[in-house]
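*Asks:* Quick one: structure below, then a few questions.
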Amino acid sequence: MNLRFFFTMIVLICLCSAALAADPEMRACWLTRFEWPSMDETTCKNRIRTMMQTLKQHNFNAVLFQIRGECNTLYPSPYEPWGPQFNWTDPGWDPVAFAIEEAHAQGIEFHAYINTHTMTQEIPPDPTTPQHIYNLYGKPGSSPNWQIHGTDGQPAGKLDAYYWLSPGIPEAEAWTRQAIMHVVTTYDVDGIHFDRIRTPASGYSHDPIAQARFEGDGNPDNLGWGDWMRSQITRQLRKIYGAVNQVKPHVKITAAPFGICKKEPDGYQGSGTQSYYSWYQDSFGWMENHVLDGAFPMIYWGIGSAHPFEVLLADFLKHTGGRHIYAGCYSGQDYIAQLYETRRQGAPGSTVFSYGSVDFSRYSSGPYTEAAAVPELVWKTAPTAGIIIGYVSSSAGDPIVDARINRSGDGYNYLSSADGFYAMLDVPPGTHTLTALKSGLGGASATATVAAGQVVQVDLTLSTAKGFLQLDKALYHVGQTVTITVADFDLAGSATTVVEATSTTETSADSLTLAADGDQGRFVGTVLLESGPPSPDGILQVAPGDRLNIIYHDAFDGTGPATITVSADVDPHSEWIIDNDEPGFSYTGQWAASSQGSPFGGNKRYAYLGDGSSLATWLFEDLPGGDYQVDFYVNDNNYAADAHYYIKHDDAPSGGEPILASQNYQGDGWHRLGTFSFTGGEAEISLSNFWQGQGLYVVADAMRLTPGTTEANRPTWSLY
């Protein structure tokens with residue numbers, strides 16, 4: 001053997017071993033969007049290349065490289081425009097692809113650094129390509145408006161240098177996740193790193209969407225406002241973690257929370273901002289819920305200061321949840337001392353803010369004299385649990401937001417986003433039952449078998465297995481017919497189904513049979529409201545002012561048997577009034593709006609002398625048959641003395657029976673036209689503009705029908 005060759009190989013092996021002699025340690029550096037971009041491609045590439053070489057030279061092993069600071073990008077995206085660093089236009093090349101290539105060439109992990117909740121710093125031009133989210137959903141007057149809102153319910157505008165996205169709007173969450181997943185699927189990133197993952201202050205966001213969700217299906221655990229807002233960000237991270245792990249499980253998910261989370265009895269007791277309360281940032285909870293692989297808390301204060309670096313780091317290390325805490329050091333402090341303190345406390349690494357203000361020689365001549373590997377994430381390399389993700393949709397294929405999804409053995413209420421997406425982490429290996437429910441839309445169930453390290457997709461389609469019960473009106477009159485509709489997908493193909501009917505007067509339930517309307521599980525039937533004595537099924541005894549209750553016993557509503565009840569009222573009044581404000585009033589010809597007010601509206605109609613060709617018509621629909629007293633309303637004014645009304649009733653000709661009524665000096669109030677018999681259904685009463693007189697006019701205001709006999713409310717009683 002050639003001895004020179006042998007000794008040369010021994011030296012090389014020793015050098016290589018020495019190069020990685022240090023224990024694994026995260027050695028990262030934040031590199032912001034204010035440090036690397038340039039409009040000139042050559043300049044920009046040279047900067048990026050030099051930065052990666054510098055990190056390698058000084059034994060760093062990861063870079064947190066900012067690619068998206070707002071809802072605009074520093075890479076080509078089909079969803080968001082290029083940012084102001086490139087003058088809002090495509091520079092013709094892909095800086096992020098180049099930066100990843102350069103980082104990997106130096107053995108540096110590339111973590112794509114993304115701001116999640118900042119919409120924009122400066123108002124973007126309009127239009128952009130693609131259109132900026134601010135121009136779509138952030139401008140004043142936008143509906144919906146995705147900006148955070150204050151307690152006054154108004155968009156907050158610019159706060160802490162940015163316009164901010166509301167964490168409580170599912171559509172905004174889905175938008176951000178879509179942007180993140182584009183990066184994950186397009187680029188060979190080693191990690192995704194989040195910043196500005198918060199609100200700018202407490203008291204936000206009381207926007208209409210978030211407020212409605214807080215008061216409804218979006219708050220299944222009835223949380224208080226602060227807890228609910230914090231939960232929105234945690235839920236967002238859970239969905240991102242599940243989505244990323246489905247396509248690239250090796251990608252690391254991290255965030256940069258504020259360095260003070262909240263005071264704890266055995267920890268930090270200073271006066272600094274607590275992000276848990278002030279910014280709705282539950283960074284301890286993120287770790288304990290495993291929605292991150294690691295956190296880089298921004299502990300930007302010195303050792304022994306008013307906000308002691310060592311105490312704040314210790315607070316975070318009490319809440320790792322078995323994941324990694326990497327100390328976030330600041331170049332404005334003694335970052336080398338902070339790094340040694342990080343090691344002393346046993347943290348698996350650190351990062352420094354930021355590249356442009358760091359003296360890298362202090363690292364390579366001190367703590368980083370040797371290279372080190374990035375620490376292993378054992379929950380990724382040797383997983384003991386799985387993940388379930390999926391989408392919840394309606395039977396028509398539409399995504400469902402805030403469907404509640406549960407897993408057997410897990411008491412947490414998962415919620416679907418605007419695109420229907422949900423994610424469950426830390427699922428034990430085995431077979432699990434999933435259920436999904438959404439009020440008013442039904443339920444779904446499925447089983448999922450999960451192995452350790454596996455991501456299983458289970459899509460859930462809500463069906464109308466939860467029956468729907470509907471009445472055609474909310475208010476009825478004695479003598480009217482109630483139309484009842486049941487929709488229950490479980491009964492598709494059946495010929496009939498049954499409901500029960502009760503009222504305040506008739507409390508013993510009537511059984512009503514509804515017939516199938518098609519073969520898709522829709523059924524329709526009726527019940528007649530009567531004021532007579534107790535009656536057979538099909539007629540329900542009621543009195544004015546009663547409450548109706550229609551009851552459907554659903555064999556399965558997504559969770560099991562259920563009773564569904566809908567209610568309506570019987571009009572307590574014995575008269576029907578139509579004012580000219582209501583849909584039943586119509587007029588033609590030269591009728592004009594009156595400037596004189598009345599108890600029945602200031603928009604009553606009047607006409608001067610005419611030829612009788614113009615009519616004001618009151619149309620009464622669903623009128624029970626019987627005798628009615630007919631009255632009209634006028635003010636105390638000098639109106640026509642011989643106005644012609646036309647009553648369409650049983651014995652009237654096709655145009656209606658003409659009734660001459662004086663409107664002259666009648667006084668304010670109702671005035672009788674007479675008593676007439678109506679067969680029921682529709683009834684018309686018209687007023688003509690014809691009058692042979694001078695100086696006066698004909699007035700159309702309100703019309704009233706009052707039942708003249710009890711039998712008027714029971715037109716078909718004798719048939720049963």
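Ligands are numbered from 1 in the order shown, chains are lettered A, B, ... in the order of the structure tokens, and residues start at 1 in each chain.
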List the neighbours of Trp93 in chain A out to 10 Å using only C-alpha atoms; skip same-chain residues closer than 3 positions along the sequence, and give me the result as a list of chain:residue names.
*Replies:*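 Counting only the stated atoms, we get A:Glu41, A:Tyr75, A:Pro76, A:Asp90, A:Val96, A:Ala97, A:Phe98.
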*Asks:* Quick one: residues within 12 Å of range 148-162 of chain A, only C-alpha atoms counted, chain neighbours fewer than 5 positions away excluded, as a ChimeraX atom specification?
*Replies:* /A:69-71,115-123,134,137-143,167-169,172,196,198-212,225,229,279
*Asks:* From the options A:Phe194, A:Phe34, A:Tyr697, A:Tyr391, which residue's atoms come nearest to Tyr241 in chain A, counting only C-alpha atoms?
*Replies:*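 Using only C-alpha atoms, Tyr241 in chain A sits closest to A:Phe194.
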*Asks:* Grab the CA of Phe60 in chain A to CA of Ala28 in chain A distance for me, in Å with one decimal place.
*Replies:* 6.1 Å
*Asks:* Would you mind writing down, as a PyMOL selection string, each residue of range 390-468 of chain A that DSSP on the backbone assigns to strand (DSSP E)?
*Replies:* chain A and resi 390-393+404-407+410-415+421-427+430-438+442-450+455-457+460-461+468
*Asks:* Include N, CA and C atoms and write out the residues we just selected as a compact mmCIF listing (two decimals), in the first residue's frame.
*Replies:*
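Final output, selection12.txt:
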# COMPACT_ATOMS: atom_id res chain seq x y z
N GLY A 390 -59.12 15.78 6.01
CA GLY A 390 -60.20 15.56 5.05
C GLY A 390 -61.00 16.81 4.82
N TYR A 391 -62.05 16.65 4.05
CA TYR A 391 -62.93 17.76 3.70
C TYR A 391 -64.37 17.38 4.03
N VAL A 392 -65.12 18.35 4.53
CA VAL A 392 -66.54 18.17 4.80
C VAL A 392 -67.33 18.94 3.76
N SER A 393 -68.26 18.26 3.12
CA SER A 393 -69.06 18.90 2.07
C SER A 393 -70.52 18.52 2.23
N ARG A 404 -68.84 20.45 12.82
CA ARG A 404 -68.13 19.92 13.99
C ARG A 404 -67.79 18.46 13.74
N ILE A 405 -66.48 18.16 13.80
CA ILE A 405 -66.01 16.80 13.54
C ILE A 405 -65.45 16.23 14.84
N ASN A 406 -65.85 15.02 15.17
CA ASN A 406 -65.37 14.36 16.38
C ASN A 406 -64.82 12.98 16.05
N ARG A 407 -63.89 12.55 16.89
CA ARG A 407 -63.29 11.22 16.74
C ARG A 407 -63.49 10.43 18.02
N ASP A 410 -61.65 10.91 21.53
CA ASP A 410 -61.06 12.25 21.53
C ASP A 410 -62.19 13.24 21.79
N GLY A 411 -62.12 13.96 22.89
CA GLY A 411 -63.19 14.88 23.26
C GLY A 411 -63.11 16.24 22.61
N TYR A 412 -62.11 16.46 21.75
CA TYR A 412 -61.94 17.78 21.13
C TYR A 412 -62.94 17.96 19.99
N ASN A 413 -63.47 19.17 19.87
CA ASN A 413 -64.38 19.51 18.77
C ASN A 413 -63.58 20.15 17.64
N TYR A 414 -63.31 19.40 16.59
CA TYR A 414 -62.62 19.94 15.42
C TYR A 414 -63.64 20.66 14.55
N LEU A 415 -63.20 21.67 13.80
CA LEU A 415 -64.08 22.44 12.94
C LEU A 415 -63.51 22.51 11.53
N PHE A 421 -61.99 21.97 4.94
CA PHE A 421 -60.84 21.18 5.40
C PHE A 421 -60.79 21.09 6.92
N TYR A 422 -60.39 19.92 7.42
CA TYR A 422 -60.15 19.73 8.84
C TYR A 422 -58.91 18.86 9.01
N ALA A 423 -58.32 18.85 10.21
CA ALA A 423 -57.14 18.03 10.48
C ALA A 423 -57.14 17.60 11.94
N MET A 424 -56.82 16.33 12.15
CA MET A 424 -56.67 15.77 13.50
C MET A 424 -55.24 15.25 13.63
N LEU A 425 -54.53 15.72 14.64
CA LEU A 425 -53.15 15.31 14.87
C LEU A 425 -53.09 14.32 16.03
N ASP A 426 -51.93 13.66 16.17
CA ASP A 426 -51.69 12.74 17.29
C ASP A 426 -52.77 11.68 17.40
N VAL A 427 -53.15 11.11 16.27
CA VAL A 427 -54.18 10.06 16.28
C VAL A 427 -53.51 8.72 16.60
N GLY A 430 -54.77 2.60 14.97
CA GLY A 430 -55.99 1.81 15.18
C GLY A 430 -57.12 2.33 14.32
N THR A 431 -58.30 1.79 14.59
CA THR A 431 -59.50 2.17 13.84
C THR A 431 -60.35 3.12 14.66
N HIS A 432 -60.77 4.20 14.03
CA HIS A 432 -61.50 5.27 14.72
C HIS A 432 -62.79 5.58 13.98
N THR A 433 -63.80 5.99 14.75
CA THR A 433 -65.06 6.43 14.16
C THR A 433 -65.09 7.95 14.15
N LEU A 434 -65.38 8.51 12.99
CA LEU A 434 -65.50 9.96 12.85
C LEU A 434 -66.96 10.33 12.62
N THR A 435 -67.39 11.41 13.21
CA THR A 435 -68.72 11.96 12.93
C THR A 435 -68.58 13.43 12.61
N ALA A 436 -69.42 13.90 11.72
CA ALA A 436 -69.46 15.32 11.37
C ALA A 436 -70.90 15.79 11.44
N LEU A 437 -71.12 16.97 12.01
CA LEU A 437 -72.45 17.53 12.13
C LEU A 437 -72.41 19.02 11.82
N LYS A 438 -73.44 19.49 11.18
CA LYS A 438 -73.61 20.93 10.94
C LYS A 438 -75.08 21.24 11.09
N GLY A 442 -77.28 18.54 8.42
CA GLY A 442 -77.21 17.10 8.58
C GLY A 442 -75.89 16.62 9.14
N GLY A 443 -75.63 15.34 8.96
CA GLY A 443 -74.45 14.72 9.54
C GLY A 443 -73.85 13.68 8.63
N ALA A 444 -72.72 13.13 9.07
CA ALA A 444 -72.03 12.07 8.34
C ALA A 444 -71.17 11.31 9.34
N SER A 445 -70.89 10.06 9.02
CA SER A 445 -69.99 9.27 9.87
C SER A 445 -69.15 8.37 8.98
N ALA A 446 -67.97 8.00 9.49
CA ALA A 446 -67.07 7.14 8.73
C ALA A 446 -66.08 6.53 9.71
N THR A 447 -65.40 5.47 9.29
CA THR A 447 -64.33 4.89 10.08
C THR A 447 -63.00 5.11 9.36
N ALA A 448 -61.94 5.20 10.14
CA ALA A 448 -60.60 5.41 9.58
C ALA A 448 -59.62 4.54 10.34
N THR A 449 -58.80 3.80 9.62
CA THR A 449 -57.73 3.01 10.22
C THR A 449 -56.41 3.71 9.98
N VAL A 450 -55.70 4.00 11.05
CA VAL A 450 -54.50 4.83 10.98
C VAL A 450 -53.32 4.05 11.55
N VAL A 455 -50.68 9.54 7.21
CA VAL A 455 -51.70 10.58 7.07
C VAL A 455 -52.83 10.00 6.24
N VAL A 456 -54.00 9.90 6.84
CA VAL A 456 -55.16 9.28 6.19
C VAL A 456 -56.17 10.37 5.87
N GLN A 457 -56.66 10.38 4.63
CA GLN A 457 -57.67 11.36 4.24
C GLN A 457 -59.05 10.72 4.32
N LEU A 460 -65.89 13.70 4.37
CA LEU A 460 -67.20 13.47 4.98
C LEU A 460 -68.24 14.29 4.23
N THR A 461 -69.25 13.61 3.72
CA THR A 461 -70.33 14.27 2.98
C THR A 461 -71.58 14.29 3.84
N PHE A 468 -85.38 17.56 7.92
CA PHE A 468 -85.76 18.96 7.93
C PHE A 468 -87.28 19.05 7.95
*Asks:* As a ChimeraX atom specification, please: the residues near range 646-658 of chain A (cut-off 10 Å, only C-alpha atoms, same-chain neighbours under 2 positions excluded).
*Replies:* /A:615,617,627,630,643-644,660-661,673-674,676-680,682-688
*Asks:* So the first atom is CA of Arg177 in chain A and the second is CA of Ile197 in chain A; what is the distance between them in Å, to one decimal place?
*Replies:*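 Interatomic distance here is 12.7 Å.
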